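A short write-up of the structure that comes next.
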Amino acid sequence: MIRTLTAATMAATLHATAVWPQAATVTDPAEFVQKAAASGMFEIQSSQAALDKGVEGEVADFAQRMVEDHTDASERLKAAATEAGVEVPAALDAEHQSKLETLKAAEADALVKGYVDAQVQGHEQAVQLFESFSTGGPDGPLKDFAAETLPTLREHAEMIKEIAGQ
């Protein structure tokens with residue numbers, strides 16, 4: 001009973017702390033970089049936290065892939081942002097930090113459910129962000145980065161939805 005309540009509370013907390021609306025269109029390079037960087041850092045840090053807490057099976061495989069893929073994407077974002085003259089944040093924003101702390105405090109079943117739910121939500125938001133910028137952002141290295149990264153984000157979204165049973 002306690003685990004169920006803890007999992008439900010954590011899922012509600014993670015869902016309530018959505019970082020930006022699903023329907024938001026982002027075309028400003030600085031805003032794109034801020035949101036893409038926060039999203040990528042959260043993917044890496046939350047996945048590493050899940051691995052550190054001993055998640056297993058397909059969730060562990062997914063988390064390991066997120067650490068690898070999003071570390072690579074973060075490096076490519078930094079290069080594109082530097083070329084475009086846009087500063088990349090070095091730390092999570094307050095909302096992503098809160099979500100990360102919630103995950104780090106979770107145990108066992110609540111951790112897995114919270115992590116999977118956060119990954120579903122995060123990847124849905126990232127796909128929308130990268131779609132909007134790759135079609136509406138100004139031409140240049142950031143738009144190219146968004147367009148090149150989008151297929152991988154879509155793949156991640158499908159993978160985590162399958163794990164979540166959606």
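Ordered as shown in the structure tokens, chains take letters A, B, and onward, while each chain numbers its residues from 1 and ligands are numbered from 1 in the order shown.
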Name the residues of stretch 28-165 of chain A that come out as helix (DSSP H, G or I) in a backbone DSSP run; write them as a PyMOL selection string.
chain A and resi 29-52+57-84+94-105+108-136+141-164
Report as a ChimeraX atom specification all protein, DNA and RNA residues lying within 9 Å of stretch 119-136 of chain A, evaluated on only C-alpha atoms, omitting residues in the same chain fewer than 2 positions from it.
/A:14-15,18-29,32,35-36,39-40,42-43,46-47,114-117,138-139,142-151,153-154,156-158,160-161,164
Check the smallest atom-to-atom distance from each of A:Asp93, A:Glu155, A:Glu83, A:Glu56 to A:Gln34 using only C-alpha atoms, then report the winner.
A:Asp93
What does the distance from atom CA of A:Glu87 to atom CA of A:Met41 come to in Å, to one decimal?
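Pair atom CA of A:Glu87 / atom CA of A:Met41 returns 15.0 Å.
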Distance criterion (only C-alpha atoms): nearest to A:Ala110 out of A:Ala94, A:Ala63, A:Gln45, A:Lys53
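Distance minimum relative to A:Ala110 lands on A:Lys53.
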Given only C-alpha atoms as the basis, pick out the residue of A:Lys104, A:Ser74, A:Val33, A:Gln48 nearest to A:Asp61.
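Closest residue, counting only C-alpha atoms: A:Gln48.
Close contacts of A:Arg65, defined as residues with an atom at most 10 Å away when counting only C-alpha atoms, with chain neighbours fewer than 5 positions off set aside, comprise Ile44, Ser47, Val59, Ala60, His70, Thr71 and His156 of chain A.
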